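data_25.txt (compact mmCIF, C-alpha atoms and all ligand atoms) appears below.
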```
# COMPACT_ATOMS: atom_id res chain seq x y z
CA MET B 1 0.00 0.00 0.00
CA HIS B 2 1.05 3.60 -0.62
CA LYS B 3 0.63 6.36 1.85
CA VAL B 4 0.48 10.05 0.99
CA SER B 5 1.84 12.59 3.46
CA GLU B 6 3.10 16.13 3.68
CA ILE B 7 6.63 16.97 4.82
CA GLU B 8 7.68 20.40 6.08
CA VAL B 9 10.94 21.27 4.34
CA GLN B 10 11.52 25.00 5.04
CA HIS B 11 14.75 25.07 3.09
CA ASN B 12 15.74 28.67 2.37
CA ILE B 13 18.16 28.76 -0.56
CA MET B 14 19.55 32.18 0.35
CA LYS B 15 20.15 31.18 3.96
CA ALA B 16 21.79 27.95 2.82
CA ASN B 17 24.15 30.02 0.68
CA LYS B 18 24.91 32.33 3.58
CA LYS B 19 25.75 29.37 5.79
CA LEU B 20 28.20 28.04 3.22
CA ALA B 21 29.66 31.52 2.79
CA ASP B 22 30.30 31.73 6.53
CA LYS B 23 32.06 28.38 6.30
CA ASN B 24 34.24 29.66 3.45
CA LYS B 25 35.09 32.76 5.43
CA LYS B 26 36.10 30.69 8.43
CA LYS B 27 38.36 28.61 6.23
CA LEU B 28 40.01 31.74 4.84
CA GLU B 29 40.53 33.12 8.32
CA GLU B 30 42.03 29.89 9.61
CA ASN B 31 44.64 30.36 6.92
CA ASP B 32 45.08 34.11 7.46
CA VAL B 33 43.72 34.90 4.02
CA PHE B 34 41.87 38.11 3.16
CA GLY B 35 39.21 37.45 0.53
CA ILE B 36 37.96 40.00 -2.00
CA ASP B 37 34.98 39.56 -4.31
CA PHE B 38 35.31 41.57 -7.55
CA VAL B 39 31.95 42.24 -9.17
CA GLY B 40 30.93 44.55 -11.97
CA ALA B 41 29.51 44.88 -15.42
CA ILE B 42 30.79 42.74 -18.30
CA GLY B 43 34.04 44.16 -19.62
CA SER B 44 34.31 46.92 -16.99
CA GLY B 45 37.88 45.96 -16.12
CA LYS B 46 37.70 43.36 -13.34
CA THR B 47 40.39 41.15 -14.84
CA SER B 48 42.55 44.17 -15.72
CA LEU B 49 42.32 45.41 -12.14
CA ILE B 50 43.26 42.04 -10.68
CA GLU B 51 46.20 41.81 -13.10
CA GLU B 52 47.45 45.20 -11.92
CA LEU B 53 47.02 44.30 -8.27
CA ILE B 54 48.96 41.06 -8.74
CA GLN B 55 51.85 43.02 -10.17
CA ASN B 56 51.80 45.94 -7.76
CA MET B 57 50.55 44.79 -4.37
CA ASP B 58 52.62 43.52 -1.47
CA GLY B 59 51.75 40.02 -0.34
CA SER B 60 51.02 36.85 -2.25
CA ILE B 61 47.78 36.55 -4.16
CA GLY B 62 45.62 33.65 -5.28
CA VAL B 63 42.78 33.99 -7.76
CA ILE B 64 39.47 32.28 -8.39
CA ALA B 65 38.27 33.29 -11.84
CA GLY B 66 34.62 32.84 -12.64
CA ASP B 67 34.13 32.93 -16.36
CA VAL B 68 30.98 32.30 -18.29
CA ILE B 69 32.18 30.79 -21.50
CA SER B 70 35.51 29.18 -20.79
CA LYS B 71 38.64 29.74 -18.81
CA PHE B 72 39.80 32.87 -20.61
CA ASP B 73 40.37 35.05 -17.58
CA ALA B 74 42.07 32.24 -15.65
CA GLY B 75 44.54 32.02 -18.54
CA ARG B 76 45.30 35.73 -18.25
CA PHE B 77 46.18 35.34 -14.56
CA LYS B 78 48.34 32.27 -15.00
CA LYS B 79 51.09 34.17 -16.73
CA TYR B 80 51.84 35.97 -13.46
CA ASP B 81 52.74 32.70 -11.80
CA VAL B 82 50.11 32.93 -9.06
CA PRO B 83 47.80 30.12 -7.95
CA VAL B 84 44.65 30.29 -10.11
CA VAL B 85 41.46 28.26 -10.12
CA GLY B 86 39.21 28.74 -13.11
CA LEU B 87 35.53 28.15 -12.55
CA ASN B 88 33.53 27.31 -15.59
CA THR B 89 30.31 28.95 -14.62
CA GLY B 90 28.43 27.92 -17.73
CA LYS B 91 25.03 29.55 -17.72
CA GLU B 92 25.37 30.86 -14.19
CA CYS B 93 24.84 34.55 -13.81
CA HIS B 94 26.70 34.78 -10.50
CA LEU B 95 29.07 32.77 -8.35
CA ASP B 96 27.66 31.23 -5.21
CA ALA B 97 29.25 30.02 -2.00
CA HIS B 98 29.01 26.39 -3.07
CA LEU B 99 31.07 26.98 -6.23
CA VAL B 100 33.63 28.87 -4.18
CA GLU B 101 33.73 26.13 -1.54
CA HIS B 102 34.84 23.70 -4.25
CA ALA B 103 37.38 26.13 -5.67
CA LEU B 104 38.90 26.63 -2.21
CA ASN B 105 39.84 22.96 -2.19
CA ASP B 106 41.95 23.51 -5.28
CA ILE B 107 44.02 26.37 -3.94
CA SER B 108 46.78 26.16 -1.37
CA LEU B 109 45.52 28.74 1.09
CA VAL B 110 48.56 28.59 3.35
CA ASP B 111 50.60 30.07 0.50
CA VAL B 112 48.52 33.19 -0.08
CA ASP B 113 47.73 36.41 1.82
CA TYR B 114 44.93 37.55 -0.47
CA LEU B 115 42.32 35.57 -2.34
CA PHE B 116 40.76 37.47 -5.24
CA ILE B 117 37.50 36.13 -6.60
CA GLU B 118 36.42 37.47 -9.98
CA ASN B 119 32.66 37.16 -10.14
CA VAL B 120 30.63 36.80 -13.32
CA GLY B 121 30.17 40.13 -15.15
CA ASN B 122 26.73 41.13 -13.92
CA LEU B 123 25.42 44.02 -11.81
CA ILE B 124 22.26 42.35 -10.60
CA CYS B 125 22.56 38.68 -9.80
CA PRO B 126 25.62 38.62 -7.50
CA VAL B 127 24.09 41.13 -5.06
CA ASP B 128 22.69 38.71 -2.50
CA PHE B 129 25.13 35.85 -2.93
CA ASP B 130 27.72 36.16 -0.21
CA LEU B 131 30.78 34.08 -1.12
CA GLY B 132 32.58 34.32 2.20
CA SER B 133 34.93 37.12 1.22
CA HIS B 134 35.81 40.02 3.52
CA MET B 135 35.43 42.81 1.02
CA ARG B 136 33.47 43.47 -2.14
CA ILE B 137 34.87 45.73 -4.84
CA VAL B 138 32.41 46.86 -7.50
CA VAL B 139 33.95 47.86 -10.84
CA VAL B 140 32.01 49.80 -13.46
CA SER B 141 33.29 51.76 -16.39
CA VAL B 142 32.15 54.85 -18.22
CA SER B 143 31.49 52.81 -21.34
CA GLU B 144 28.42 51.23 -19.73
CA GLY B 145 26.87 54.69 -19.72
CA ASP B 146 26.75 57.19 -16.89
CA ASP B 147 23.29 56.10 -15.74
CA THR B 148 24.62 52.63 -14.85
CA VAL B 149 25.12 53.44 -11.19
CA GLU B 150 21.67 54.86 -10.54
CA LYS B 151 20.09 51.96 -12.42
CA HIS B 152 21.71 49.35 -10.20
CA PRO B 153 21.48 50.71 -6.66
CA PHE B 154 21.65 47.38 -4.85
CA ILE B 155 25.04 46.23 -6.08
CA PHE B 156 26.55 49.62 -5.18
CA GLN B 157 24.89 49.46 -1.80
CA SER B 158 26.64 46.13 -1.20
CA ALA B 159 30.09 47.50 -2.14
CA ASP B 160 32.99 48.18 0.20
CA LEU B 161 34.90 50.02 -2.52
CA ILE B 162 33.60 51.43 -5.80
CA ILE B 163 35.77 51.80 -8.89
CA ILE B 164 34.71 53.91 -11.86
CA ASN B 165 37.06 52.79 -14.60
CA LYS B 166 38.06 53.87 -18.12
CA VAL B 167 37.89 57.59 -17.39
CA ASP B 168 40.37 57.98 -20.30
CA ILE B 169 37.53 57.34 -22.74
CA ALA B 170 34.76 59.20 -20.88
CA ASN B 171 34.72 62.01 -23.41
CA ALA B 172 34.73 59.66 -26.37
CA VAL B 173 31.70 57.76 -25.10
CA GLY B 174 29.95 60.89 -23.85
CA ALA B 175 29.77 59.81 -20.25
CA ASP B 176 30.27 61.92 -17.15
CA GLU B 177 32.36 60.01 -14.60
CA ASN B 178 31.61 62.64 -11.96
CA LYS B 179 27.87 61.99 -12.26
CA MET B 180 28.57 58.30 -11.70
CA ALA B 181 30.60 59.10 -8.60
CA THR B 182 27.88 61.40 -7.27
CA ASP B 183 25.23 58.73 -7.83
CA ALA B 184 27.38 56.17 -6.05
CA LYS B 185 27.91 58.52 -3.13
CA LYS B 186 24.14 58.98 -2.81
CA ILE B 187 23.52 55.24 -2.77
CA ASN B 188 26.41 54.32 -0.49
CA PRO B 189 27.68 57.42 1.35
CA ASP B 190 30.19 55.57 3.52
CA VAL B 191 32.45 53.88 1.00
CA LYS B 192 35.40 55.12 -0.98
CA ILE B 193 34.84 55.83 -4.66
CA ILE B 194 37.87 55.89 -6.96
CA LYS B 195 37.92 57.04 -10.57
CA THR B 196 40.52 55.13 -12.55
CA SER B 197 42.05 54.47 -15.88
CA LEU B 198 43.64 51.06 -15.54
CA LYS B 199 44.92 51.49 -19.06
CA GLU B 200 46.98 54.49 -17.98
CA GLY B 201 47.69 53.21 -14.48
CA LYS B 202 45.67 56.07 -13.02
CA GLY B 203 44.14 55.50 -9.58
CA LEU B 204 45.86 52.20 -8.93
CA ASP B 205 47.88 53.35 -5.92
CA GLU B 206 44.74 54.75 -4.40
CA ILE B 207 42.98 51.41 -4.84
CA ILE B 208 45.84 49.53 -3.22
CA SER B 209 45.89 51.78 -0.18
CA ALA B 210 42.08 51.60 0.09
CA ILE B 211 42.26 47.80 0.16
CA GLU B 212 45.04 47.78 2.73
CA LYS B 213 43.18 50.27 4.89
CA PHE B 214 39.93 48.30 4.72
CA LYS B 215 41.80 45.13 5.64
CA ILE B 216 43.17 46.75 8.77
CA ILE B 217 39.81 48.21 9.77
CA ILE B 218 37.89 44.95 9.62
CA SER B 219 40.51 42.63 11.07
CA MET R 1 17.66 36.12 -13.91
CA HIS R 2 18.96 33.05 -12.18
CA GLU R 3 16.08 30.67 -12.63
CA LEU R 4 18.27 27.75 -13.65
CA SER R 5 20.61 27.79 -10.69
CA MET R 6 17.73 28.41 -8.28
CA ALA R 7 15.65 25.61 -9.79
CA ASP R 8 18.67 23.38 -9.33
CA GLY R 9 18.94 24.37 -5.66
CA ILE R 10 15.22 23.86 -5.13
CA LEU R 11 15.23 20.41 -6.66
CA LYS R 12 18.29 19.35 -4.66
CA ALA R 13 16.54 20.36 -1.44
CA VAL R 14 13.41 18.46 -2.49
CA LEU R 15 15.27 15.29 -3.40
CA GLU R 16 17.44 15.40 -0.27
CA ASN R 17 14.36 15.63 1.91
CA ALA R 18 12.61 12.92 -0.06
CA GLN R 19 15.55 10.59 0.35
CA LYS R 20 15.80 11.26 4.08
CA ASN R 21 12.16 10.34 4.44
CA GLU R 22 12.36 7.23 2.21
CA VAL R 23 9.86 8.63 -0.23
CA THR R 24 8.94 6.71 -3.37
CA GLU R 25 7.40 9.62 -5.22
CA VAL R 26 7.10 13.39 -4.83
CA LEU R 27 3.59 14.55 -5.73
CA GLU R 28 3.65 18.22 -4.91
CA VAL R 29 6.22 20.89 -4.03
CA THR R 30 5.34 24.26 -2.51
CA ILE R 31 7.90 27.00 -3.03
CA GLN R 32 7.88 30.58 -1.75
CA ILE R 33 9.56 33.15 -3.94
CA GLY R 34 10.08 36.75 -2.90
CA LYS R 35 9.18 39.32 -5.55
CA MET R 36 12.67 40.73 -5.17
CA ALA R 37 14.40 37.38 -5.68
CA LEU R 38 14.84 38.19 -9.38
CA LEU R 39 13.04 35.04 -10.38
CA ASN R 40 10.29 34.67 -12.89
CA PRO R 41 7.95 32.05 -11.37
CA LYS R 42 6.90 30.69 -14.76
CA GLN R 43 10.50 30.14 -15.78
CA VAL R 44 11.34 28.52 -12.45
CA LYS R 45 8.44 26.12 -12.93
CA PHE R 46 9.58 25.32 -16.43
CA MET R 47 13.16 24.65 -15.31
CA LEU R 48 11.93 22.47 -12.46
CA GLY R 49 9.93 20.45 -14.93
CA VAL R 50 12.99 19.89 -17.10
CA LEU R 51 15.44 19.20 -14.28
CA SER R 52 13.12 16.77 -12.48
CA GLU R 53 12.56 14.55 -15.50
CA ASP R 54 14.70 11.63 -14.39
CA THR R 55 13.95 11.88 -10.70
CA ILE R 56 11.23 10.73 -8.33
CA ALA R 57 9.78 14.22 -8.66
CA ASN R 58 9.08 13.84 -12.37
CA LYS R 59 5.32 13.90 -11.89
CA ALA R 60 5.32 16.53 -9.17
CA LYS R 61 3.14 19.61 -9.28
CA PHE R 62 5.17 22.70 -8.45
CA ILE R 63 3.21 25.37 -6.61
CA ILE R 64 4.75 28.82 -6.29
CA GLU R 65 3.64 31.36 -3.71
CA GLU R 66 4.88 34.90 -4.27
CA ILE R 67 6.03 36.89 -1.23
CA PRO R 68 5.61 40.67 -1.36
CA ILE R 69 8.48 43.11 -0.93
CA GLU R 70 8.89 44.88 2.39
CA ILE R 71 11.34 47.71 2.71
CA GLN R 72 12.81 50.12 5.16
CA CYS R 73 13.57 53.57 3.77
CA LEU R 74 17.00 54.82 4.77
CA GLU R 75 15.93 58.42 4.26
CA CYS R 76 12.49 58.86 5.86
CA GLY R 77 12.29 55.67 7.91
CA PHE R 78 9.17 54.27 6.21
CA GLU R 79 8.72 50.57 6.87
CA GLY R 80 6.29 48.40 5.01
CA LYS R 81 5.16 46.70 1.84
CA VAL R 82 5.71 48.16 -1.60
CA ASP R 83 3.72 47.36 -4.70
CA VAL R 84 5.78 46.35 -7.67
CA ASP R 85 3.60 44.58 -10.17
CA ASP R 86 5.85 45.25 -13.12
CA LEU R 87 9.26 44.73 -11.57
CA ASP R 88 11.91 44.51 -14.24
CA HIS R 89 14.01 41.47 -13.44
CA TYR R 90 16.90 42.85 -15.46
CA ALA R 91 17.08 46.20 -13.69
CA PRO R 92 15.13 45.91 -10.47
CA MET R 93 14.49 49.26 -8.86
CA VAL R 94 12.36 49.80 -5.84
CA GLU R 95 11.72 53.14 -4.24
CA CYS R 96 10.16 54.33 -1.03
CA PRO R 97 6.41 54.82 -1.60
CA LYS R 98 6.44 57.75 0.81
CA CYS R 99 9.44 59.85 -0.23
CA GLU R 100 10.41 58.16 -3.53
CA ASN R 101 13.96 57.67 -2.38
CA LYS R 102 15.93 54.73 -3.71
CA ARG R 103 18.20 54.36 -0.70
CA ILE R 104 16.30 51.57 0.97
CA SER R 105 16.98 48.27 2.55
CA ILE R 106 14.91 45.24 1.68
CA ILE R 107 13.52 43.56 4.79
CA ASN R 108 11.55 40.85 3.06
CA GLY R 109 10.99 39.54 -0.43
CA LYS R 110 14.45 38.34 -1.45
CA ASP R 111 14.21 34.76 -0.33
CA CYS R 112 13.47 31.57 -2.13
CA THR R 113 12.28 28.81 0.16
CA VAL R 114 11.15 25.24 -0.38
CA LYS R 115 8.25 25.20 2.06
CA SER R 116 6.87 21.70 1.93
CA ILE R 117 6.45 18.61 -0.20
CA VAL R 118 3.62 16.12 -0.55
CA VAL R 119 4.95 12.64 -1.03
CA GLU R 120 4.03 9.04 -1.44
CA LYS R 121 5.67 6.35 0.65
CA ASP R 122 5.51 2.56 0.76
CA ASP R 123 3.92 1.26 3.92
N1 LIG A 1 40.25 52.48 -22.44
C1 LIG A 1 40.34 51.67 -21.42
N2 LIG A 1 40.19 50.35 -21.58
C2 LIG A 1 40.28 49.55 -20.51
C3 LIG A 1 40.55 50.06 -19.22
N3 LIG A 1 40.57 49.03 -18.35
C4 LIG A 1 40.33 47.91 -19.06
N4 LIG A 1 40.16 48.21 -20.38
C5 LIG A 1 39.89 47.29 -21.49
O1 LIG A 1 38.53 46.83 -21.38
C6 LIG A 1 38.43 45.50 -21.88
C7 LIG A 1 37.77 44.60 -20.83
O2 LIG A 1 38.61 44.52 -19.69
P1 LIG A 1 38.61 43.26 -18.73
O3 LIG A 1 39.60 43.54 -17.66
O4 LIG A 1 38.73 42.00 -19.50
O5 LIG A 1 37.13 43.38 -18.15
P2 LIG A 1 36.34 42.31 -17.25
O6 LIG A 1 35.47 43.12 -16.36
O7 LIG A 1 37.26 41.36 -16.60
O8 LIG A 1 35.47 41.58 -18.36
P3 LIG A 1 34.60 40.21 -18.21
O9 LIG A 1 35.36 39.30 -17.29
O10 LIG A 1 34.49 39.72 -19.59
O11 LIG A 1 33.28 40.66 -17.65
C8 LIG A 1 39.84 45.06 -22.22
O12 LIG A 1 40.03 45.20 -23.59
C9 LIG A 1 40.71 46.04 -21.44
O13 LIG A 1 41.96 46.25 -22.06
C10 LIG A 1 40.73 51.48 -19.07
O14 LIG A 1 40.96 52.04 -18.00
N5 LIG A 1 40.60 52.23 -20.20
MG MG A 2 37.20 39.29 -16.62
ZN ZN A 3 29.44 20.28 -4.10
ZN ZN A 4 20.82 35.76 -12.17
ZN ZN A 5 11.24 57.22 2.33
```

What is this file in structure tokens?
Ligand SMILES: Nc1nc2c(ncn2[C@@H]2O[C@H](COP(=O)(O)OP(=O)(O)OP(=O)(O)O)[C@@H](O)[C@H]2O)c(=O)[nH]1
Ligand SMILES: [Mg+2]
Ligand SMILES: [Zn+2]
Ligand SMILES: [Zn+2]
Ligand SMILES: [Zn+2]
Amino acid sequence: MHKVSEIEVQHNIMKANKKLADKNKKKLEENDVFGIDFVGAIGSGKTSLIEELIQNMDGSIGVIAGDVISKFDAGRFKKYDVPVVGLNTGKECHLDAHLVEHALNDISLVDVDYLFIENVGNLICPVDFDLGSHMRIVVVSVSEGDDTVEKHPFIFQSADLIIINKVDIANAVGADENKMATDAKKINPDVKIIKTSLKEGKGLDEIISAIEKFKIIIS
Amino acid sequence: MHELSMADGILKAVLENAQKNEVTEVLEVTIQIGKMALLNPKQVKFMLGVLSEDTIANKAKFIIEEIPIEIQCLECGFEGKVDVDDLDHYAPMVECPKCENKRISIINGKDCTVKSIVVEKDD
């Protein structure tokens, strides 16, 4: 005979992710690693920024590269001789704590001081998915249009540092980087906003000191 | 936006619970989705149908309950529900109904929860 019954499940997917993220964070802390989640629009300069930081920051760096199509970005990092894990995110629109948990098993955490996680290029989906990092850097560029910030308030609200990149081409694309900075300030008054041209190396030192300062504040 | 990965998470939770309870078939699944979870209920249902094909949930009826958005305004302090019938899942924007400010924090309406399942078991 068959019996039909109802089972209470009450499984909250977001809370489950948060739990895993907390576990990831604990693992990073046990190994004295400071984790940074890099999010931003497609092509805004996340990989470029991480490349510059690898070359110019003190301390050893490991990278988890989330990439939609294949392991392009991971390949770009490998030439700097740092530990890199490429995540093939397929159709995912964001990384989640479970994907990162797996990637953490493939990286020797005792050998790094910083773990950089490049999220999927997307200003909406990653907002609520904590990965277990200590800091979130949001990277946008003027080429997305200067209304990008006001259109995506939640990701900027979740940022610990905001980068407005490609100011070298602001004129050419008819975007006002100062408007973007003002919008960001309105949405998230407490965080540092840095206008950069990674192409020209402008603003990089400021980013590095902002990261180091944030690291000291929260630890 | 992320219907596929969420549907995957939902189904995993369903099947895990089914297995724990030695279920032979899942007949019904009730899911709560916040209006701010960036999920289109129809697409989630569709994905669940596809993903569950080779599982004991392949005949299950998926019921989705939508949870309204509740906010707290960081400017004027308003707390309560907001109406967003035509929320754009690609550029979600919610503002305070009282002062129209966009600096708000979402108190409720972001979650996606598998509430309960109706199952069949052997005696
Ligand atoms: N003009 C200009 N181009 C830049 C700047 N920074 C990056 N780029 C270029 O923008 C393009 C995209 O940069 P990436 O660093 O790959 O951007 P991304 O955010 O990692 O891109 P996805 O991972 O594909 O989302 C590359 O061709 C870079 O050379 C800048 O400051 N100015
Ligand atoms: Mg990249
Ligand atoms: Zn796993
Ligand atoms: Zn998504
Ligand atoms: Zn208000």

*How would you write, as an NGL selection string, the set of residues no farther than 12 Å from ligand MG 2 (chain A) when counting all atoms listed in the file?*
:B and (38-51 or 63-77 or 86-87 or 117-122 or 139)

*asked:* Please find the residues of chain B near chain R - the criterion being any atom within 8 Å, counting all atoms listed in the file - and write them as number ranges by chain.
replied: B: 1-14, 92-93, 124-125, 151-153, 186-187

*What do you get as number ranges by chain if you pick all residues at most 9 Å from ligand ZN 3 (chain A), counting all atoms listed in the file?*
B: 98-99, 101-102

_Coordinates-based distance that separates CA of Thr89 (chain B) from atom O8 of ligand LIG 1 (chain A) (Å, one decimal)_ = 14.1 Å

*CA of Phe154 (chain B) and atom O2 of ligand LIG 1 (chain A), how far apart in Å?*
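Computing it gives 22.7 Å between the two atoms.
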
*Please identify every polymer residue within 9 Å of ligand ZN 5 (chain A), using only C-alpha atoms and all ligand atoms, and present the set as a list in words.*
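Using only C-alpha atoms and all ligand atoms, I find these residues within 9 Å of ligand ZN 5 (chain A): Gln72, Cys73, Leu74, Glu75, Cys76, Gly77, Phe78, Glu79, Glu95, Cys96, Pro97, Lys98, Cys99, Glu100, Asn101, Lys102, Arg103 and Ile104 of chain R.
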
*asked:* Measuring between only C-alpha atoms, which one of B:Glu29, B:Glu212, B:Glu52, B:Glu177 shows the shortest distance to Leu161 (chain B)?
replied: B:Glu212

*Which is closest to Lys215 (chain B) among B:Met135, B:Val173, B:Val149, B:Val85, if we use all atoms listed in the file?*
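Smallest separation from Lys215 (chain B) among the options: B:Met135.
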
*Hey, what's within 8 Å of Gly109 (chain R) if we count all atoms listed in the file and toss same-chain stuff fewer than 4 positions away? As number ranges by chain, please?*
R: 33-37, 67-70

*Between atom O8 of ligand LIG 1 (chain A) and CA of Val127 (chain B) - distance in Å to one decimal*: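 Separating CA of Val127 (chain B) from atom O8 of ligand LIG 1 (chain A) is a distance of 17.5 Å.
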
*Near Ser133 (chain B), counting only C-alpha atoms, which residues have an atom at most 7 Å away, once you skip same-chain residues fewer than 5 positions from it, shown as JSON, numbers by chain?*
{"B": [25, 35, 36, 37]}

*Looking at only C-alpha atoms and all ligand atoms, which of B:Ala181, B:Lys23, B:Ser60, B:Ile169 is the one that sits closest to ligand LIG 1 (chain A)?*
B:Ile169

_Residue nearest Leu11 (chain R) - candidates R:Leu51, R:Glu66, R:Lys59, R:Gly80, atoms counted: only C-alpha atoms_ =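 Looking only at the distances to Leu11 (chain R), the closest residue turns out to be R:Leu51.
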
*For ligand ZN 4 (chain A), which residue among R:Leu15, R:Ala60, R:Asp83, R:Leu39 is the nearest when counting all atoms listed in the file?*
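So, comparing all the options, the nearest one is R:Leu39.
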
Six-sided padding of 4 Å per side, axis-aligned box over region 178-181 of chain B, centre and edges in Å, one decimal, as JSON:
```
{"center_x": 29.7, "center_y": 60.5, "center_z": -10.4, "size_x": 11.7, "size_y": 12.3, "size_z": 11.7}
```

*Would you list the contacts of Ile211 (chain B) as a PyMOL selection string, taking every protein, DNA or RNA residue within 10 Å and counting all atoms listed in the file, but skipping same-chain residues closer than 2 positions in sequence?*
chain B and resi 36+57+135+137+160-161+205-209+213-217

*Point out the residue among B:Lys166, B:Lys202, B:Lys192, B:Lys185 with the least atom-to-atom distance to ligand LIG 1 (chain A), counting all atoms listed in the file.*
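Of all the options, B:Lys166 lies closest to ligand LIG 1 (chain A).
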